[in-house]
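Visitor: My structure file model_6.csv, CSV, C-alpha atoms, is below:
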```csv
chain,number,residue,atom,x,y,z
A,2,MET,CA,0.0,0.0,0.0
A,3,THR,CA,1.3,3.5,-0.9
A,4,VAL,CA,0.6,6.3,1.5
A,5,ASP,CA,0.6,9.8,0.0
A,6,ALA,CA,2.7,12.6,1.4
A,7,LYS,CA,-0.3,14.4,2.8
A,8,THR,CA,-1.3,11.5,5.0
A,9,THR,CA,2.3,11.1,6.4
A,10,GLU,CA,2.3,14.9,7.0
A,11,ARG,CA,-0.9,14.7,8.9
A,12,ALA,CA,0.4,11.8,11.0
A,13,LEU,CA,3.5,13.8,11.9
A,14,ARG,CA,1.3,16.8,12.7
A,15,LEU,CA,-0.9,14.7,15.1
A,16,ARG,CA,2.3,13.6,16.8
A,17,GLU,CA,3.5,17.2,17.1
A,18,LEU,CA,0.1,18.3,18.5
A,19,GLY,CA,0.5,15.6,21.2
A,20,SER,CA,3.5,17.4,22.6
A,21,SER,CA,1.2,19.8,24.4
A,22,THR,CA,-2.4,19.4,25.6
A,23,LEU,CA,-4.6,18.4,22.6
A,24,VAL,CA,-8.3,19.0,23.0
A,25,LEU,CA,-10.6,16.9,20.8
A,26,PRO,CA,-14.4,17.5,20.7
A,27,ASN,CA,-15.3,14.2,19.1
A,28,ALA,CA,-17.1,14.0,15.7
A,29,TRP,CA,-19.3,11.3,14.2
A,30,ASP,CA,-19.8,12.4,10.6
A,31,ALA,CA,-18.5,14.8,8.0
A,32,ALA,CA,-20.8,17.6,9.0
A,33,SER,CA,-19.9,17.4,12.7
A,34,ALA,CA,-16.2,17.2,11.9
A,35,THR,CA,-16.5,20.2,9.7
A,36,VAL,CA,-18.3,22.3,12.3
A,37,ILE,CA,-15.7,21.2,15.0
A,38,VAL,CA,-12.8,22.2,12.8
A,39,ALA,CA,-14.5,25.5,11.9
A,40,ALA,CA,-14.7,26.1,15.7
A,41,GLY,CA,-10.9,25.9,15.9
A,42,ALA,CA,-10.0,22.2,16.4
A,43,SER,CA,-6.6,21.3,15.2
A,44,ALA,CA,-7.4,17.6,14.8
A,45,VAL,CA,-10.5,15.4,14.8
A,46,ALA,CA,-11.2,12.3,16.7
A,47,THR,CA,-14.2,10.2,16.0
A,48,THR,CA,-16.6,8.7,18.6
A,49,SER,CA,-17.7,5.1,17.9
A,50,GLY,CA,-21.0,5.7,19.7
A,51,GLY,CA,-21.8,8.8,17.6
A,52,VAL,CA,-20.8,7.0,14.4
A,53,ALA,CA,-23.0,4.0,15.3
A,54,TRP,CA,-26.0,6.2,16.3
A,55,SER,CA,-25.8,8.1,13.0
A,56,ILE,CA,-26.6,4.9,11.1
A,57,GLY,CA,-29.1,3.6,13.5
A,58,ARG,CA,-26.9,1.2,15.5
A,59,GLY,CA,-25.9,1.0,19.1
A,60,ASP,CA,-22.3,1.4,20.3
A,61,GLY,CA,-20.0,-1.5,21.0
A,62,GLN,CA,-19.0,-2.7,17.5
A,63,ARG,CA,-22.6,-2.9,16.4
A,64,ALA,CA,-21.5,-0.7,13.4
A,65,THR,CA,-19.4,-2.9,11.3
A,66,ARG,CA,-15.8,-2.3,10.5
A,67,THR,CA,-16.8,-1.4,6.9
A,68,GLU,CA,-19.4,1.1,8.2
A,69,MET,CA,-16.9,2.6,10.6
A,70,LEU,CA,-14.3,3.0,7.9
A,71,GLU,CA,-16.8,4.5,5.5
A,72,ALA,CA,-17.7,7.2,8.1
A,73,ALA,CA,-13.9,7.8,8.7
A,74,ALA,CA,-13.4,8.2,4.9
A,75,ARG,CA,-16.1,10.9,4.7
A,76,ILE,CA,-14.6,12.7,7.6
A,77,VAL,CA,-11.1,12.6,6.2
A,78,ALA,CA,-12.3,13.9,2.9
A,79,ALA,CA,-14.2,16.8,4.6
A,80,VAL,CA,-11.5,18.3,6.8
A,81,ASP,CA,-7.9,19.4,6.3
A,82,VAL,CA,-6.6,18.3,9.7
A,83,PRO,CA,-5.4,15.0,11.1
A,84,VAL,CA,-8.2,12.5,11.9
A,85,SER,CA,-7.9,9.8,14.5
A,86,VAL,CA,-10.4,6.9,14.4
A,87,ASP,CA,-12.1,5.3,17.3
A,88,ALA,CA,-11.6,1.7,16.3
A,89,GLU,CA,-13.1,0.3,19.5
A,90,GLY,CA,-11.6,-3.1,20.1
A,91,GLY,CA,-10.2,-3.4,16.6
A,92,TYR,CA,-13.0,-5.8,15.5
A,93,GLU,CA,-12.1,-9.4,14.8
A,94,ASP,CA,-8.8,-8.6,13.1
A,95,VAL,CA,-6.8,-5.7,14.5
A,96,ALA,CA,-4.3,-5.7,11.6
A,97,ALA,CA,-7.1,-5.6,9.0
A,98,THR,CA,-8.7,-2.7,10.9
A,99,VAL,CA,-5.5,-0.8,10.9
A,100,ARG,CA,-4.9,-1.4,7.2
A,101,GLY,CA,-8.4,0.0,6.6
A,102,VAL,CA,-7.8,3.0,8.7
A,103,VAL,CA,-4.6,3.9,6.8
A,104,ALA,CA,-6.3,3.2,3.5
A,105,VAL,CA,-9.0,5.9,4.1
A,106,GLY,CA,-6.3,8.5,5.1
A,107,ALA,CA,-6.8,8.6,8.9
A,108,VAL,CA,-3.6,8.9,10.9
A,109,GLY,CA,-4.5,7.7,14.4
A,110,ILE,CA,-6.6,5.1,16.2
A,111,ASN,CA,-8.0,4.4,19.6
A,112,LEU,CA,-7.7,0.7,20.5
A,113,GLU,CA,-9.4,-0.4,23.6
A,114,ASP,CA,-8.6,-3.4,25.8
A,115,SER,CA,-12.2,-4.3,26.7
A,116,LYS,CA,-14.2,-6.9,24.7
A,117,ALA,CA,-17.5,-5.8,23.1
A,118,SER,CA,-18.8,-9.3,23.5
A,119,ASP,CA,-18.8,-9.5,27.3
A,120,GLY,CA,-17.3,-6.4,28.8
A,121,THR,CA,-14.2,-8.2,30.2
A,122,LEU,CA,-10.7,-7.0,29.5
A,123,TYR,CA,-7.9,-8.6,27.6
A,124,THR,CA,-4.9,-9.3,29.9
A,125,ALA,CA,-2.1,-6.8,29.6
A,126,ALA,CA,-0.1,-9.4,27.7
A,127,GLU,CA,-2.9,-10.1,25.3
A,128,GLN,CA,-3.6,-6.4,24.6
A,129,ALA,CA,0.1,-5.7,24.2
A,130,GLY,CA,0.1,-8.4,21.5
A,131,ARG,CA,-2.8,-6.7,19.8
A,132,ILE,CA,-1.1,-3.3,19.9
A,133,ARG,CA,2.1,-4.9,18.5
A,134,SER,CA,0.0,-6.2,15.6
A,135,ALA,CA,-1.5,-2.8,15.0
A,136,ARG,CA,2.0,-1.2,14.9
A,137,GLU,CA,3.3,-3.8,12.5
A,138,ALA,CA,0.2,-3.5,10.3
A,139,ALA,CA,0.6,0.3,10.2
A,140,ALA,CA,4.3,0.0,9.1
A,141,ALA,CA,3.4,-2.6,6.5
A,142,ALA,CA,0.7,-0.4,5.2
A,143,GLY,CA,3.2,2.5,4.7
A,144,LEU,CA,2.3,4.6,7.7
A,145,PRO,CA,4.7,3.7,10.6
A,146,GLU,CA,3.8,7.1,12.0
A,147,LEU,CA,0.2,6.1,12.8
A,148,VAL,CA,-0.6,7.3,16.3
A,149,ILE,CA,-1.9,4.4,18.5
A,150,ASN,CA,-3.8,5.7,21.5
A,151,ALA,CA,-4.2,2.6,23.7
A,152,ARG,CA,-7.4,2.8,25.7
A,153,THR,CA,-7.8,0.9,29.0
A,154,ASP,CA,-11.2,0.4,30.5
A,155,VAL,CA,-10.1,-0.6,33.9
A,156,PHE,CA,-11.8,2.5,35.5
A,157,LEU,CA,-14.6,2.9,33.0
A,158,LEU,CA,-15.9,-0.7,33.7
A,159,GLY,CA,-14.8,-0.9,37.3
A,160,ILE,CA,-12.6,-3.9,36.8
A,161,GLY,CA,-11.2,-5.5,39.9
A,162,GLU,CA,-11.1,-4.1,43.4
A,163,GLU,CA,-11.1,-0.3,43.5
A,164,SER,CA,-7.9,-0.2,45.5
A,165,GLY,CA,-6.0,-2.1,42.9
A,166,ARG,CA,-7.2,-0.3,39.7
A,167,LEU,CA,-4.5,2.3,39.5
A,168,ALA,CA,-1.8,-0.3,39.9
A,169,ASP,CA,-3.4,-2.4,37.2
A,170,VAL,CA,-3.4,0.7,34.8
A,171,LEU,CA,0.2,1.5,35.6
A,172,ALA,CA,1.2,-2.1,34.7
A,173,ARG,CA,-0.8,-1.9,31.5
A,174,VAL,CA,0.8,1.4,30.6
A,175,GLU,CA,4.3,-0.2,30.8
A,176,ALA,CA,3.2,-3.2,28.7
A,177,TYR,CA,1.4,-1.1,26.1
A,178,ALA,CA,4.3,1.3,25.8
A,179,ALA,CA,6.7,-1.6,25.2
A,180,ALA,CA,4.4,-2.9,22.5
A,181,GLY,CA,4.4,0.3,20.5
A,182,ALA,CA,1.5,2.4,21.8
A,183,ASP,CA,1.9,6.2,21.6
A,184,GLY,CA,-0.5,7.2,24.3
A,185,ILE,CA,-2.8,5.8,27.1
A,186,PHE,CA,-6.5,6.7,27.3
A,187,VAL,CA,-8.1,6.1,30.7
A,188,PRO,CA,-11.8,6.9,30.4
A,189,GLY,CA,-13.7,6.8,33.7
A,190,LEU,CA,-10.9,8.4,35.6
A,191,LEU,CA,-10.9,12.1,36.4
A,192,ASP,CA,-9.1,12.1,39.7
A,193,LEU,CA,-6.3,14.5,39.1
A,194,GLU,CA,-3.8,12.9,41.5
A,195,ALA,CA,-4.3,9.5,39.9
A,196,LEU,CA,-4.0,11.0,36.4
A,197,GLY,CA,-0.8,12.7,37.5
A,198,GLU,CA,0.6,9.4,38.7
A,199,ILE,CA,-0.1,7.8,35.3
A,200,ALA,CA,1.4,10.8,33.5
A,201,LYS,CA,4.7,10.1,35.2
A,202,GLY,CA,4.9,6.9,33.1
A,203,PRO,CA,6.2,6.3,29.6
A,204,LEU,CA,3.0,7.3,27.7
A,205,PRO,CA,1.1,10.6,27.3
A,206,VAL,CA,-2.3,10.5,29.1
A,207,ASN,CA,-5.7,11.0,27.4
A,208,ALA,CA,-8.6,11.8,29.8
A,209,MET,CA,-12.3,11.8,28.9
A,210,ALA,CA,-13.8,15.0,30.3
A,211,ARG,CA,-17.4,15.4,31.3
A,212,PRO,CA,-19.6,18.1,32.7
A,213,GLY,CA,-18.8,18.7,36.4
A,214,GLY,CA,-15.4,17.3,36.0
A,215,PRO,CA,-12.0,19.1,36.0
A,216,SER,CA,-11.5,21.8,33.3
A,217,VAL,CA,-9.1,21.4,30.5
A,218,ALA,CA,-6.6,23.6,32.3
A,219,GLU,CA,-6.9,21.5,35.5
A,220,LEU,CA,-6.3,18.3,33.5
A,221,ALA,CA,-3.4,19.8,31.7
A,222,GLY,CA,-1.9,20.9,35.1
A,223,ALA,CA,-2.1,17.2,36.2
A,224,GLY,CA,0.0,16.2,33.2
A,225,VAL,CA,-2.8,15.1,30.8
A,226,ARG,CA,-1.8,15.7,27.2
A,227,ARG,CA,-5.0,14.8,25.4
A,228,VAL,CA,-8.6,15.6,26.4
A,229,SER,CA,-11.6,14.2,24.6
A,230,VAL,CA,-15.3,13.9,25.4
A,231,GLY,CA,-16.4,10.6,23.9
A,232,THR,CA,-20.1,10.7,22.8
A,233,ALA,CA,-20.8,13.9,24.7
A,234,VAL,CA,-21.0,16.3,21.7
A,235,ALA,CA,-23.1,13.8,19.8
A,236,GLN,CA,-25.4,13.5,22.8
A,237,ALA,CA,-25.7,17.3,23.0
A,238,ALA,CA,-26.6,17.5,19.3
A,239,TYR,CA,-29.3,14.8,19.5
A,240,SER,CA,-30.6,16.3,22.8
A,241,ALA,CA,-31.0,19.6,20.9
A,242,ALA,CA,-32.9,17.8,18.2
A,243,ARG,CA,-35.2,16.1,20.7
A,244,ALA,CA,-35.9,19.3,22.6
A,245,ALA,CA,-36.9,21.1,19.4
A,246,ALA,CA,-39.1,18.2,18.3
A,247,VAL,CA,-40.8,18.0,21.7
A,248,GLU,CA,-41.5,21.7,21.8
A,249,LEU,CA,-42.8,21.8,18.2
A,250,LEU,CA,-45.0,18.7,18.5
A,251,GLY,CA,-46.2,19.7,22.0
A,252,ARG,CA,-46.7,23.4,22.4
A,253,GLY,CA,-46.3,24.2,18.7
A,254,THR,CA,-43.6,26.8,19.4
A,255,TYR,CA,-40.0,27.2,18.3
A,256,GLY,CA,-37.9,28.5,21.2
A,257,ALA,CA,-35.6,25.5,21.1
A,258,LEU,CA,-34.6,26.5,17.6
A,259,GLY,CA,-33.2,29.8,18.7
A,260,GLY,CA,-29.4,30.3,18.8
A,261,GLU,CA,-28.7,27.8,16.0
A,262,LEU,CA,-26.0,28.3,13.4
A,263,ASP,CA,-27.7,30.3,10.7
A,264,TYR,CA,-28.3,28.6,7.3
A,265,PRO,CA,-25.8,30.7,5.3
A,266,THR,CA,-23.0,30.1,7.8
A,267,LEU,CA,-23.6,26.3,8.1
A,268,ASN,CA,-24.2,25.8,4.4
A,269,GLY,CA,-21.1,27.8,3.6
A,270,LEU,CA,-18.9,25.3,5.5
A,271,PHE,CA,-19.7,22.7,2.8
A,272,GLU,CA,-19.3,24.9,-0.3
A,273,LYS,CA,-16.0,23.7,-1.5
```
For this file, produce the structure as structure tokens.

Guide:
Amino acid sequence: MTVDAKTTERALRLRELGSSTLVLPNAWDAASATVIVAAGASAVATTSGGVAWSIGRGDGQRATRTEMLEAAARIVAAVDVPVSVDAEGGYEDVAATVRGVVAVGAVGINLEDSKASDGTLYTAAEQAGRIRSAREAAAAAGLPELVINARTDVFLLGIGEESGRLADVLARVEAYAAAGADGIFVPGLLDLEALGEIAKGPLPVNAMARPGGPSVAELAGAGVRRVSVGTAVAQAAYSAARAAAVELLGRGTYGALGGELDYPTLNGLFEK
């Protein structure tokens, strides 16, 4: 597979952005990605949940790999910034998934260590092997610079005794780094002290922010180098659609439609 210079350049750019705190409001289709970039985002990360919902599926690899890659391809074509793909657990063949990601021009992936089938986690050694396969596949596909953000769901799923979760994550960080990961994503953890402890390790830390949690500045102060929000932006968008529909169908009024992006502004984003 031949990777064009633009894709390599975007991969290197994504790596460069990771040297400071990179903020990623997650997108799920070409339109949301375009709006997010117009708002000032320097890179785009997808959300698997948002992608799945947009085609009428639930999260958790219910959207097929092909459907996920089709969405990624449309996003890559729509924006002029690096795109990182939420590849969930990598589907049934991590190497094939990575080859597909590279083929559509994306330059990063999230690869989680939980299993969509039953919510259990791969062992650290098993997941390290899967990361190694991803790294080898990226190199073979012509993009050794692919950014692999290794996600661990120890805290998100509450795996093991609470007192031992941080130690579990720290051990996984070491194993994942040795296997070729470029970052560690720990959704479900917003304790600044714990994040700071993880940030002392060999991989830059990605935290998943949420309303009521630490600000981007506070996370950055703890050593976090990547802040994303998962499905939150998609949830906000669909919540706005629901609120407008409920008001229109109920009271017959249009208050929820106020403050929207005006038609010329929104339409102008897509006039290329």

Visitor: Of the candidates A:Ala180, A:Ala12, A:Ala242, A:Ile199, which shows the shortest atom-to-atom distance to Val225 (chain A), using only C-alpha atoms?

Guide: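 Result for the nearest residue to Val225 (chain A): A:Ile199.
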
Visitor: So, with all atoms listed in the file as the atoms that count, which of A:Asn111, A:Ser118, A:Thr124, A:Ser21 lies closest to Phe186 (chain A)?

Guide: A:Asn111

Visitor: Can you tell me, as a list in words, what residues are no more than 10 Å from Pro83 (chain A) when counting all atoms listed in the file, ignoring any on the same chain fewer than 5 positions away?

Guide: Lys7, Thr8, Thr9, Glu10, Arg11, Ala12, Leu13, Arg14, Leu15, Arg16, Leu18, Ser43, Ala44, Val45, Ala46, Val77, Gly106, Ala107, Val108 and Gly109 of chain A

Visitor: Under the rule of at most 12 Å, produce a per-residue listing of region 156-263 of chain A near region 139-146 of chain A: chain, number, name, the closest pair of atoms, and the distance in Å, as CSV, using all atoms listed in the file.

Guide:
```
residue,atom,partner,partner_atom,distance
A:Gly181,CA,A:Pro145,CA,10.5
A:Ala182,CA,A:Glu146,CA,11.1
A:Asp183,CA,A:Glu146,CA,9.8
```

Visitor: Nearest to Ala32 (chain A) among A:Met2, A:Ala104, A:Ala73, A:Arg152, with distances taken over only C-alpha atoms: which residue is it?

Guide: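 Closest to Ala32 (chain A), using only C-alpha atoms: A:Ala73.
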
Visitor: With all atoms listed in the file as the counted atoms, please give the residues lying no more than 8 Å from region 156-169 of chain A, apart from itself and same-chain residues fewer than 5 positions off, as a PyMOL selection string.

Guide: chain A and resi 120+187-190+195

Visitor: With only C-alpha atoms as the atoms that count, which of A:Leu171, A:Ala64, A:Ala126, A:Ala34 lies nearest to Val82 (chain A)?

Guide: A:Ala34

Visitor: I'd like the interatomic distance between CA of Gly101 (chain A) and CA of Leu70 (chain A), to a tenth of an Å.

Guide: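 Going from CA of Gly101 (chain A) over to CA of Leu70 (chain A), I get 6.7 Å.
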
Visitor: Can you pull out the residues contacting region 211-214 of chain A? Cut-off 8 Å, using all atoms listed in the file, and skip same-chain residues under 5 positions away; I want them as a list in words.

Guide: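 With the cut-off at 8 Å, the set is Leu191, Val230 and Ala233 of chain A.
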
Visitor: Using CA of Val155 (chain A) and CA of Glu113 (chain A) as the two end points, give the distance in Å to one decimal.

Guide: 10.3 Å

Visitor: I need the residue nearest Asp30 (chain A) from this list: A:Arg227, A:Arg131, A:Arg75, A:Arg100. Use all atoms listed in the file for the distance.

Guide: A:Arg75

Visitor: Using only C-alpha atoms, which residue out of A:Thr266, A:Thr153, A:Thr3, A:Thr98 lies closest to Leu122 (chain A)?

Guide: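 Of A:Thr266, A:Thr153, A:Thr3, A:Thr98, the one nearest Leu122 (chain A) is A:Thr153, counting only C-alpha atoms.
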
Visitor: Separation of CA of Ala257 (chain A) and CA of Gln236 (chain A), in Å?

Guide: 15.8 Å
